[in-house]
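**Q** Supplied in structure tokens, the structure appears directly below.
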Amino acid sequence: MIENEKWILYKHTSNYELIKAVALDVKNSCASNVSESERYKMQERLAALDLYRTRNTANRPLDSINHRINTLEFYMFGYEDDNKRFIFSPLGNLFLKYINNQEKLKKIFATMLFAIQFQHPANGMPSSFQLYPFRLLLQLMSDHRLNYRLYSTEYAYIVAFVKKVTHENYEELVNRILAFRKLADDVKIELLRGDEHTYVNCIYEWQYYTQKLLRTIGIIDVNEGKSLVKLYHPKKHNSGSRPTGRIVKSGYATIAHDMRLFVKKMLQKYTCFGIPLRLNDDKRMQLDVIKQIYSFYPNILLDEIGEFIDDLQVKLLELPKLIEEYSNNFDNDTAYLFENVLAEGMNMFVNVEARKIGGAGHTDIECLYLTYNKKFAVEAKSTANKLLSINAGRLREHRDQIGGEYTIVVTSRYVPAAKRDIKGNPIVIILASTFGEYLYNHIYHDLREIDYKDFDEIIVNNLGEDISDLISNMTMEKFATKKLIKGGSSNVIC
């Protein structure tokens, strides 16, 4: 019996120029506040460029525009917060920087594919799917046993139902595809008709949308083949019209010749066997998981396109991962990586001087806020699981040693009791992913002179609290409203 749970590939546009136009519009014209009123304005701008038409001009429904925003989220351009503010990912920003350079764009977009995981924050996949789908597709197209190609029928009948990828089941998958490939066309047709409503959706999403988009971008080549059969969607309830049919073709996809070496490099480091982050991780807030998913920014790409590799920028994006490394390597030299990066991060503030101290009985980082000649302490707190408690008395001793006014605790996650430990004390908590995102955006937008004033004001007014949401909101206010300042385009929607 065929299992109905399948991959969900985004199927609302295969128009590459429209995706680029929407990304530019969100960045430049919407001020990245994609509220309902701004979405109506976006419709009008896209319509003026003949990139948008609505079937219902009287009611002006927002369904189509909502799908355009969701497309950006699916392809890793960035994500929305609860207030409908859109913040671009590092790869999304890089894409816009090189919006007029097609050779670099296709490698950036291909890298975005490597970041896409199932379960995905933007497409409602069941949690039973835990894999990197496009890494698997590109790996199959790189497999000599499959003649470096993947047929549409193979995707629809086999690949779209894979829930996880291990070395063992990958071999089984290849063997299943090879066996299916030997079948006569009439046998394949009967198999596809066996669960027509499921397979027609697989064909629709892959053949009509995803495959078409990736070919337009230049990531894959497609041999269309011949028409095999027409599969039909279920008939809509109370509909007098015939069900919609989709033609299944016998063609296949291959990696574009000029992309093969780059894809090979990426697959060597970012394999299809990687374990994705879990959206339902019971040890982390979902927003922090989402931030880490969208922080994918590999040096392989930067080197490939000749982009300057800012080591600090890359380290900041890896802050949550460095905490994990720190917590599990107490007897290893890498145990102090997190503290080192955190000290570098604090020194990014133009009016803060930070010095790592560390060691038993001392604060991790001593900081001086130069504007007001005020000292404060920064503590890197991490455990293999959640941070169970914060010893406010010990942190007071650490502050007293340096004459500090307050303590910032940077951690990846904690239990609610830890927050109660700091109530009424000159201590605040900030999540590592939030801190890293704030500093990364300053680096990307070339705002190297970061004033500590806003940080200090938030801390002083919220002692004894977790200030992560306030810092995240400040990031959104500064960068979800920031105009594009690099690599502008004549295609900007105004």
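Residues in the structure tokens are named by chain (A, B, ... in the order shown) and by number from 1 within that chain; ligands are numbered from 1 in the order shown.
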Near A:Glu307, within 12 Å and counting only C-alpha atoms, which residues show up once chain neighbours fewer than 5 positions away are dropped, as a PyMOL selection string?
**A** chain A and resi 91+94-95+97-98+104+108+297-302+444
**Q** Store the residues picked out above in a file with C-alpha atoms, as a PDB file, in the first residue's frame.
**A**
ATOM      1  CA  LEU A  91      22.213  33.899   1.671  1.00  0.00           C
ATOM      2  CA  LEU A  94      24.072  37.753  -0.749  1.00  0.00           C
ATOM      3  CA  PHE A  95      21.562  36.963  -3.506  1.00  0.00           C
ATOM      4  CA  LYS A  97      23.936  41.860  -3.555  1.00  0.00           C
ATOM      5  CA  TYR A  98      24.614  39.996  -6.821  1.00  0.00           C
ATOM      6  CA  LYS A 104      26.973  34.003  -9.122  1.00  0.00           C
ATOM      7  CA  ILE A 108      23.908  31.196  -4.438  1.00  0.00           C
ATOM      8  CA  TYR A 297      26.404  30.467   4.968  1.00  0.00           C
ATOM      9  CA  PRO A 298      29.174  28.105   3.777  1.00  0.00           C
ATOM     10  CA  ASN A 299      32.693  29.271   2.987  1.00  0.00           C
ATOM     11  CA  ILE A 300      32.670  26.997  -0.084  1.00  0.00           C
ATOM     12  CA  LEU A 301      30.192  29.334  -1.752  1.00  0.00           C
ATOM     13  CA  LEU A 302      31.977  32.509  -0.668  1.00  0.00           C
ATOM     14  CA  TYR A 444      26.665  42.401   6.493  1.00  0.00           C
TER      15      TYR A 444
END
**Q** As a PyMOL selection string, please: the residues near stretch 163-178 of chain A (cut-off 10 Å, only C-alpha atoms, same-chain neighbours under 3 positions excluded).
**A** chain A and resi 5-7+118-119+126-133+136+139-140+143+145-146+150-151+153-155+157-160+181-183+271-276
**Q** Would you export the selected residues with N, CA and C atoms as a short mmCIF file (atom, residue, chain, number, x, y, z; two decimals), in the first residue's frame, please?
**A**
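part_3.cif was written with the following content:
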data_model
loop_
_atom_site.label_atom_id
_atom_site.label_comp_id
_atom_site.auth_asym_id
_atom_site.auth_seq_id
_atom_site.Cartn_x
_atom_site.Cartn_y
_atom_site.Cartn_z
N GLU A 5 1.71 10.24 2.80
CA GLU A 5 2.58 11.32 3.24
C GLU A 5 3.74 11.46 2.27
N LYS A 6 3.97 12.64 1.77
CA LYS A 6 4.97 12.87 0.73
C LYS A 6 5.65 14.20 0.96
N TRP A 7 6.71 14.42 0.20
CA TRP A 7 7.36 15.73 0.22
C TRP A 7 6.39 16.80 -0.25
N PHE A 118 13.69 19.20 5.50
CA PHE A 118 12.36 18.73 5.91
C PHE A 118 12.54 18.09 7.27
N GLN A 119 11.86 18.52 8.25
CA GLN A 119 10.76 19.45 8.31
C GLN A 119 11.24 20.88 8.04
N PRO A 126 5.03 17.05 7.70
CA PRO A 126 4.95 16.27 8.95
C PRO A 126 6.33 16.09 9.57
N SER A 127 6.38 16.00 10.90
CA SER A 127 7.66 15.88 11.59
C SER A 127 8.33 14.53 11.32
N SER A 128 7.61 13.58 10.72
CA SER A 128 8.22 12.29 10.40
C SER A 128 9.26 12.41 9.29
N PHE A 129 9.24 13.50 8.53
CA PHE A 129 10.24 13.73 7.50
C PHE A 129 11.41 14.50 8.11
N GLN A 130 12.58 13.89 8.08
CA GLN A 130 13.78 14.50 8.64
C GLN A 130 14.93 14.27 7.67
N LEU A 131 15.09 15.16 6.70
CA LEU A 131 16.14 15.01 5.69
C LEU A 131 16.36 16.33 4.97
N TYR A 132 17.43 16.39 4.17
CA TYR A 132 17.70 17.52 3.29
C TYR A 132 17.31 17.10 1.88
N PRO A 133 16.13 17.49 1.40
CA PRO A 133 15.60 16.92 0.15
C PRO A 133 16.42 17.23 -1.09
N LEU A 136 19.59 15.33 -1.39
CA LEU A 136 19.34 13.98 -1.88
C LEU A 136 19.12 13.98 -3.39
N GLN A 139 22.38 14.51 -5.05
CA GLN A 139 23.23 13.32 -4.89
C GLN A 139 22.81 12.22 -5.87
N LEU A 140 21.52 12.04 -6.06
CA LEU A 140 21.04 11.04 -7.02
C LEU A 140 21.47 11.41 -8.44
N ASP A 143 25.06 10.38 -9.05
CA ASP A 143 25.39 8.96 -8.88
C ASP A 143 25.59 8.30 -10.25
N ARG A 145 25.76 5.27 -11.02
CA ARG A 145 24.91 4.10 -11.22
C ARG A 145 23.56 4.47 -11.84
N LEU A 146 23.17 5.71 -11.61
CA LEU A 146 21.91 6.21 -12.18
C LEU A 146 22.15 7.01 -13.46
N LEU A 150 17.88 11.81 -13.06
CA LEU A 150 16.71 11.41 -12.28
C LEU A 150 15.47 11.69 -13.12
N TYR A 151 14.69 10.64 -13.36
CA TYR A 151 13.48 10.76 -14.17
C TYR A 151 12.32 11.27 -13.31
N THR A 153 9.24 10.34 -13.32
CA THR A 153 8.46 9.23 -12.78
C THR A 153 9.12 8.63 -11.53
N GLU A 154 10.44 8.63 -11.50
CA GLU A 154 11.17 8.10 -10.34
C GLU A 154 10.99 9.01 -9.13
N TYR A 155 11.02 10.31 -9.41
CA TYR A 155 10.75 11.24 -8.30
C TYR A 155 9.36 11.00 -7.74
N TYR A 157 7.20 8.44 -7.99
CA TYR A 157 6.83 7.13 -7.47
C TYR A 157 7.67 6.70 -6.27
N ILE A 158 8.92 7.19 -6.19
CA ILE A 158 9.84 6.69 -5.16
C ILE A 158 10.38 7.79 -4.25
N VAL A 159 11.07 8.77 -4.85
CA VAL A 159 11.87 9.71 -4.06
C VAL A 159 11.00 10.59 -3.16
N ALA A 160 9.85 11.00 -3.62
CA ALA A 160 9.01 11.94 -2.87
C ALA A 160 8.48 11.38 -1.56
N ARG A 181 13.43 1.60 -13.14
CA ARG A 181 13.88 2.07 -14.45
C ARG A 181 13.80 0.96 -15.51
N LYS A 182 13.85 -0.30 -15.08
CA LYS A 182 13.80 -1.42 -16.03
C LYS A 182 12.37 -1.76 -16.47
N LEU A 183 11.38 -1.20 -15.78
CA LEU A 183 10.00 -1.54 -16.10
C LEU A 183 9.56 -0.91 -17.41
N THR A 271 26.46 16.70 3.11
CA THR A 271 25.97 15.49 2.48
C THR A 271 24.46 15.32 2.67
N CYS A 272 23.90 14.44 1.86
CA CYS A 272 22.48 14.13 2.01
C CYS A 272 22.21 13.32 3.27
N PHE A 273 23.28 12.85 3.94
CA PHE A 273 23.12 12.07 5.16
C PHE A 273 23.09 12.95 6.41
N GLY A 274 23.21 14.26 6.23
CA GLY A 274 23.16 15.17 7.36
C GLY A 274 21.82 15.08 8.09
N ILE A 275 21.86 15.32 9.39
CA ILE A 275 20.64 15.27 10.21
C ILE A 275 20.14 16.70 10.40
N PRO A 276 18.94 17.00 9.93
CA PRO A 276 18.44 18.37 10.03
C PRO A 276 18.09 18.76 11.46
#
**Q** Separation of atom CA of A:Phe114 and atom CA of A:Met266, in Å?
**A**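 Taking atom CA of A:Phe114 as the start and atom CA of A:Met266 as the end point, the length is 8.1 Å.
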**Q** Excluding A:Met476 and any residue of its chain fewer than 2 positions from it, enumerate the residues within 9 Å of it, using only C-alpha atoms, and give them as a list in words.
**A**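 Once the adjacent positions are removed, what remains is Asp81, Arg85, Phe86, Ile87, Tyr438, Ile471, Ser472, Asn473, Met474, Lys478, Phe479, Ala480 and Thr481 of chain A.
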**Q** Can you list every residue in stretch 12-232 of chain A that DSSP puts in strand (DSSP E or B), as a PyMOL selection string?
**A** chain A and resi 33+78-80+85-88+118+131+150-151+220-223+227-232
**Q** So, with only C-alpha atoms as the atoms that count, which of A:Tyr406, A:Tyr414, A:Phe262, A:Tyr79 lies closest to A:Leu431?
**A**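 Once distances to A:Leu431 are computed over only C-alpha atoms, the minimum belongs to A:Tyr414.
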**Q** Just list as a compact mmCIF listing (two decimals) with N, CA and C atoms, in the first residue's frame whatever in stretch 415-467 of chain A DSSP marks as helix (DSSP H, G or I).
**A**
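So the final result, stored in part-v5.txt, reads:
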# COMPACT_ATOMS: atom_id res chain seq x y z
N PRO A 416 12.79 27.24 32.73
CA PRO A 416 12.17 28.44 33.34
C PRO A 416 12.74 28.79 34.70
N ALA A 417 13.14 27.78 35.48
CA ALA A 417 13.68 28.06 36.81
C ALA A 417 14.92 28.93 36.75
N ALA A 418 15.71 28.81 35.70
CA ALA A 418 16.92 29.62 35.57
C ALA A 418 16.57 31.10 35.47
N LYS A 419 15.46 31.38 34.80
CA LYS A 419 15.03 32.77 34.70
C LYS A 419 14.59 33.30 36.06
N ARG A 420 13.98 32.44 36.86
CA ARG A 420 13.58 32.87 38.20
C ARG A 420 14.79 33.16 39.08
N ASP A 421 15.90 32.46 38.80
CA ASP A 421 17.11 32.65 39.61
C ASP A 421 17.65 34.08 39.53
N ALA A 432 22.06 33.00 22.44
CA ALA A 432 23.20 33.13 21.53
C ALA A 432 22.76 33.39 20.10
N SER A 433 21.68 32.74 19.67
CA SER A 433 21.22 32.93 18.29
C SER A 433 20.76 34.36 18.06
N THR A 434 20.15 34.96 19.07
CA THR A 434 19.67 36.34 18.96
C THR A 434 20.85 37.31 18.91
N PHE A 435 21.84 37.09 19.77
CA PHE A 435 23.02 37.95 19.80
C PHE A 435 23.80 37.84 18.49
N GLY A 436 23.97 36.60 18.00
CA GLY A 436 24.68 36.40 16.75
C GLY A 436 23.97 37.04 15.58
N GLU A 437 22.65 36.95 15.53
CA GLU A 437 21.88 37.55 14.44
C GLU A 437 22.03 39.07 14.44
N TYR A 438 22.01 39.67 15.61
CA TYR A 438 22.15 41.13 15.74
C TYR A 438 23.50 41.59 15.19
N LEU A 439 24.57 40.92 15.61
CA LEU A 439 25.90 41.34 15.18
C LEU A 439 26.14 41.01 13.71
N TYR A 440 25.65 39.84 13.25
CA TYR A 440 25.81 39.48 11.85
C TYR A 440 25.24 40.55 10.93
N ASN A 441 24.04 41.03 11.23
CA ASN A 441 23.39 42.00 10.36
C ASN A 441 24.18 43.31 10.29
N HIS A 442 24.81 43.70 11.39
CA HIS A 442 25.67 44.88 11.34
C HIS A 442 26.87 44.64 10.42
N ILE A 443 27.46 43.46 10.52
CA ILE A 443 28.60 43.16 9.65
C ILE A 443 28.18 43.18 8.20
N TYR A 444 27.08 42.50 7.89
CA TYR A 444 26.66 42.40 6.49
C TYR A 444 26.38 43.78 5.90
N LYS A 453 24.84 51.87 23.09
CA LYS A 453 23.83 52.65 23.83
C LYS A 453 22.49 51.92 23.91
N ASP A 454 21.98 51.43 22.76
CA ASP A 454 20.67 50.77 22.77
C ASP A 454 20.70 49.49 23.59
N PHE A 455 21.77 48.75 23.49
CA PHE A 455 21.92 47.53 24.28
C PHE A 455 21.87 47.86 25.76
N ASP A 456 22.66 48.84 26.16
CA ASP A 456 22.75 49.22 27.57
C ASP A 456 21.39 49.67 28.10
N GLU A 457 20.66 50.46 27.31
CA GLU A 457 19.35 50.95 27.76
C GLU A 457 18.38 49.80 27.97
N ILE A 458 18.38 48.83 27.05
CA ILE A 458 17.50 47.67 27.21
C ILE A 458 17.87 46.89 28.46
N ILE A 459 19.16 46.71 28.70
CA ILE A 459 19.60 45.95 29.87
C ILE A 459 19.22 46.65 31.16
N VAL A 460 19.55 47.92 31.26
CA VAL A 460 19.28 48.67 32.49
C VAL A 460 17.79 48.70 32.82
**Q** Record the distance separating atom CA of A:Thr371 and atom CA of A:Ala392, expressed in Å with one decimal.
**A**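 Between these atoms lies a distance of 26.8 Å.
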**Q** What's the 7 Å shell around stretch 206-209 of chain A, counting only C-alpha atoms, without same-chain residues fewer than 4 positions away, as a list in words?
**A**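 After dropping sequence-adjacent residues, the list is Lys11, Thr13, Ser14, Ser152, Cys202 and Leu213 of chain A.
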**Q** Write out as a PyMOL selection string which residues come within 10 Å of A:Thr198 when counting only C-alpha atoms, dropping same-chain ones fewer than 6 positions away.
**A** chain A and resi 2-6+156-157+192+231-234
**Q** Just want the 6 Å neighbourhood of stretch 360-367 of chain A, counted on only C-alpha atoms, with same-chain residues fewer than 4 positions away dropped. Output as number ranges by chain.
**A** A: 353-356, 375-379, 398
**Q** Could you write out the selected residues, including C-alpha atoms, as an mmCIF file, in the first residue's frame?
**A**
data_model
loop_
_atom_site.group_PDB
_atom_site.id
_atom_site.type_symbol
_atom_site.label_atom_id
_atom_site.label_comp_id
_atom_site.auth_asym_id
_atom_site.auth_seq_id
_atom_site.Cartn_x
_atom_site.Cartn_y
_atom_site.Cartn_z
ATOM 1 C CA GLU A 353 36.380 47.247 25.322
ATOM 2 C CA ALA A 354 36.114 43.512 26.037
ATOM 3 C CA ARG A 355 38.775 41.219 27.478
ATOM 4 C CA LYS A 356 38.456 37.502 28.019
ATOM 5 C CA LYS A 375 32.011 48.040 33.597
ATOM 6 C CA PHE A 376 29.921 44.909 33.113
ATOM 7 C CA ALA A 377 30.488 41.162 32.928
ATOM 8 C CA VAL A 378 29.602 38.650 30.233
ATOM 9 C CA GLU A 379 29.176 34.970 31.107
ATOM 10 C CA HIS A 398 32.456 37.887 39.558
#
**Q** Which is closest to A:Ala380 among A:Leu337, A:Ile402, A:Val352, A:Val162, if we use only C-alpha atoms?
**A** A:Leu337
**Q** Can you list, as a list in words, every protein, DNA or RNA residue that comes within 9 Å of A:Met112 when you count only C-alpha atoms, leaving out same-chain residues fewer than 4 positions away?
**A**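 Everything that qualifies: Tyr75, Met76, Phe77, Leu91, Gly92, Lys107, Ile108, Ile116, Phe296 and Tyr297 of chain A.
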**Q** Produce a file of the selected residues containing N, CA and C atoms, as a PDB file, in the first residue's frame.
**A**
ATOM      1  N   TYR A  75      12.542  29.018  -0.129  1.00  0.00           N
ATOM      2  CA  TYR A  75      13.857  28.958  -0.773  1.00  0.00           C
ATOM      3  C   TYR A  75      14.940  29.675   0.023  1.00  0.00           C
ATOM      4  N   MET A  76      14.680  29.942   1.296  1.00  0.00           N
ATOM      5  CA  MET A  76      15.697  30.362   2.262  1.00  0.00           C
ATOM      6  C   MET A  76      16.195  31.791   2.085  1.00  0.00           C
ATOM      7  N   PHE A  77      15.380  32.652   1.451  1.00  0.00           N
ATOM      8  CA  PHE A  77      15.755  34.060   1.377  1.00  0.00           C
ATOM      9  C   PHE A  77      15.676  34.721   2.746  1.00  0.00           C
ATOM     10  N   LEU A  91      22.254  34.237   3.095  1.00  0.00           N
ATOM     11  CA  LEU A  91      22.213  33.899   1.671  1.00  0.00           C
ATOM     12  C   LEU A  91      21.250  34.796   0.916  1.00  0.00           C
ATOM     13  N   GLY A  92      20.141  35.182   1.554  1.00  0.00           N
ATOM     14  CA  GLY A  92      19.203  36.104   0.916  1.00  0.00           C
ATOM     15  C   GLY A  92      19.845  37.449   0.641  1.00  0.00           C
ATOM     16  N   LYS A 107      24.754  29.918  -8.289  1.00  0.00           N
ATOM     17  CA  LYS A 107      25.478  29.191  -7.248  1.00  0.00           C
ATOM     18  C   LYS A 107      24.950  29.552  -5.861  1.00  0.00           C
ATOM     19  N   ILE A 108      24.522  30.800  -5.706  1.00  0.00           N
ATOM     20  CA  ILE A 108      23.908  31.196  -4.438  1.00  0.00           C
ATOM     21  C   ILE A 108      22.588  30.463  -4.253  1.00  0.00           C
ATOM     22  N   ILE A 116      17.805  23.879   2.578  1.00  0.00           N
ATOM     23  CA  ILE A 116      16.409  23.480   2.766  1.00  0.00           C
ATOM     24  C   ILE A 116      16.337  22.119   3.432  1.00  0.00           C
ATOM     25  N   PHE A 296      22.566  29.399   7.439  1.00  0.00           N
ATOM     26  CA  PHE A 296      23.475  28.627   6.579  1.00  0.00           C
ATOM     27  C   PHE A 296      24.245  29.569   5.648  1.00  0.00           C
ATOM     28  N   TYR A 297      25.576  29.498   5.697  1.00  0.00           N
ATOM     29  CA  TYR A 297      26.404  30.467   4.968  1.00  0.00           C
ATOM     30  C   TYR A 297      27.793  29.868   4.759  1.00  0.00           C
TER      31      TYR A 297
END
**Q** Go ahead and compute the interatomic distance for atom CA of A:Asn93 and atom CA of A:Gln211, in Å to one decimal.
**A**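 According to the coordinates, atom CA of A:Asn93 and atom CA of A:Gln211 are separated by 24.2 Å.
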**Q** Which residue, A:Ile408, A:Leu277, A:Ile219, A:Val187, has the smallest gap to A:Met259 when you use only C-alpha atoms?
**A**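 Residue with the minimum atom-to-atom distance to A:Met259: A:Ile219.
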**Q** Counting only C-alpha atoms, which residue out of A:Val248, A:Ile427, A:Met348, A:Ile357 sits closest to A:Asn461?
**A**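 That would be A:Ile427, the residue with the smallest distance to A:Asn461.
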